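Inspection log for the structure reproduced underneath, given as C-alpha cells.
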Amino acid sequence: MRLGNRLGDADIICISPQNKAYVIDVKSHRGEITTDGNQLCKRMGKTTYPFKKNFFDQAMKQALQVKKQKDLNFVTPIVAFSNARVLVPTGKSSKVYVVEKSRLVLLLKSLG
C-alpha cells in the first residue's frame with residue numbers, strides 16, 4: 001500500500017479475524033538484531049552498530065499513516081526480519097514489535 005507523507009509503502013497490512021490491524025515492515029538484513037533501548041542495532045561477529053535509519057520511528061509512522069488512510073482505530077507496528085536472528089529481549093521495544101520471520105505467525109496469533 002502506498003503511504004502519504006513521503007513514507008513510501010507499507011510492506012504488509014493485515015486485519016485479524018478479531019478486527020485488529022497490523023502493519024509489518026519487512027527487513028532483509030543479516031546478523032543478530034539487538035536494541036540499545038532507543039533504536040535497533042545489528043551485531044556482526046563482535047561488532048554492534050545502530051542502523052542508519054531508526055526502524056522504530058519508521059514503523060510507528062507507517063502504523064499511524066495506515067490508521068489515517070484506512071480510517072482504523074489502531075494499527076500495531078511490527079518490524080520483521082527475514083534473514084536475521086532477533087535478540088530483542090521482550091520482542092517489543094519502543095511500542096513496536098520486533099520479530100524474526102520464523103516467529104511472525106506465532107506473534108500475530110498471540111496478539112489476536
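For the C-alpha cells, the naming scheme is as follows: chains receive sequential letters (A, B, ...) according to their order of presentation, residues are indexed from 1 within each chain, and ligands are indexed from 1 in presentation order.
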Query - Residues of region 13-69 of chain A in strand (DSSP E), written as a list in words - result: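 Matching residues, listed in order: Ile13, Cys14, Ile15, Ala21, Tyr22, Val23, Ile24, Asp25, Val26, Lys27, Ser28, His29, Arg30, Gly31, Glu32, Ile33, Thr34, Thr35, Leu40, Cys41, Lys42, Arg43, Met44, Thr47, Thr48, Tyr49 and Pro50 of chain A.
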Requested in this report: List every residue of region 6-79 of chain A that DSSP, applied to the backbone, labels as alpha helix (DSSP H), and write the result as a ChimeraX atom specification.
Outcome: /A:55-70
Pull C-alpha atoms from the residues just selected and write them as an mmCIF file, in the first residue's frame.
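Result went into out-v7.cif, see below:
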data_model
loop_
_atom_site.group_PDB
_atom_site.id
_atom_site.type_symbol
_atom_site.label_atom_id
_atom_site.label_comp_id
_atom_site.auth_asym_id
_atom_site.auth_seq_id
_atom_site.Cartn_x
_atom_site.Cartn_y
_atom_site.Cartn_z
ATOM 1 C CA PHE A 55 13.230 1.395 12.328
ATOM 2 C CA PHE A 56 11.125 2.069 15.450
ATOM 3 C CA ASP A 57 10.238 5.566 14.244
ATOM 4 C CA GLN A 58 9.667 4.357 10.685
ATOM 5 C CA ALA A 59 7.301 1.541 11.764
ATOM 6 C CA MET A 60 5.377 3.848 14.106
ATOM 7 C CA LYS A 61 4.939 6.464 11.359
ATOM 8 C CA GLN A 62 3.738 3.757 8.955
ATOM 9 C CA ALA A 63 1.212 2.499 11.519
ATOM 10 C CA LEU A 64 -0.135 5.997 12.122
ATOM 11 C CA GLN A 65 -0.417 6.669 8.380
ATOM 12 C CA VAL A 66 -2.207 3.352 7.714
ATOM 13 C CA LYS A 67 -4.567 4.168 10.597
ATOM 14 C CA LYS A 68 -5.348 7.512 8.973
ATOM 15 C CA GLN A 69 -5.660 6.267 5.368
ATOM 16 C CA LYS A 70 -7.781 3.215 6.258
#
Requested in this report: Choose the residue, out of A:Leu72, A:Asn83, A:Thr34, A:Cys41, that has the smallest atom-to-atom separation from Ala21 (chain A); count only C-alpha atoms.
Outcome: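 When distances to Ala21 (chain A) are compared using only C-alpha atoms, the smallest one comes from A:Leu72.
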Query raised in the report: Of the residues A:Ser110, A:Ser102, A:Thr76, A:Asn54, which is the one nearest to Cys14 (chain A), using only C-alpha atoms?
Result: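 Among the listed residues, the smallest separation from Cys14 (chain A) belongs to A:Thr76.
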Query raised in the report: So how far away is CA of Val75 (chain A) from CA of Leu111 (chain A), in Å?
Result: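 It comes out at 11.9 Å.
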Query - Which of A:Ala10, A:Pro17, A:Gly45, A:Leu104 sits closest to Ile33 (chain A) [using only C-alpha atoms] - result: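 With only C-alpha atoms as the atom set, the closest residue is A:Gly45.
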Query - Residue neighbourhood Ala80 (chain A), 10 Å, only C-alpha atoms, exclusion window fewer than 2 positions, as a VMD selection string - result: chain A and resid 24 to 28 77 to 78 82 to 84 86 97 to 104
Query - Contact residues around Ser93 (chain A) with only C-alpha atoms at 10 Å, ignoring same-chain residues under 6 positions, as a PyMOL selection string - result: chain A and resi 35-40+56
Export of prior selection with N, CA and C atoms as an mmCIF file, in the first residue's frame:
data_model
loop_
_atom_site.group_PDB
_atom_site.id
_atom_site.type_symbol
_atom_site.label_atom_id
_atom_site.label_comp_id
_atom_site.auth_asym_id
_atom_site.auth_seq_id
_atom_site.Cartn_x
_atom_site.Cartn_y
_atom_site.Cartn_z
ATOM 1 N N THR A 35 18.904 -4.164 20.517
ATOM 2 C CA THR A 35 18.495 -2.772 20.677
ATOM 3 C C THR A 35 19.324 -2.115 21.770
ATOM 4 N N ASP A 36 19.524 -0.813 21.623
ATOM 5 C CA ASP A 36 20.186 -0.043 22.674
ATOM 6 C C ASP A 36 19.146 0.674 23.533
ATOM 7 N N GLY A 37 17.878 0.353 23.315
ATOM 8 C CA GLY A 37 16.791 0.984 24.046
ATOM 9 C C GLY A 37 16.118 2.085 23.248
ATOM 10 N N ASN A 38 16.856 2.697 22.329
ATOM 11 C CA ASN A 38 16.309 3.777 21.512
ATOM 12 C C ASN A 38 16.101 3.374 20.063
ATOM 13 N N GLN A 39 16.942 2.484 19.576
ATOM 14 C CA GLN A 39 16.830 2.049 18.191
ATOM 15 C C GLN A 39 17.405 0.652 18.041
ATOM 16 N N LEU A 40 17.127 0.049 16.904
ATOM 17 C CA LEU A 40 17.646 -1.286 16.631
ATOM 18 C C LEU A 40 19.091 -1.212 16.183
ATOM 19 N N PHE A 56 12.242 1.850 14.534
ATOM 20 C CA PHE A 56 11.125 2.069 15.450
ATOM 21 C C PHE A 56 10.283 3.251 14.976
#
Query raised in the report: Quick one: distance from CA of Thr48 (chain A) to CA of Ser94 (chain A) in Å, one decimal?
Result: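 So the answer is 19.3 Å.
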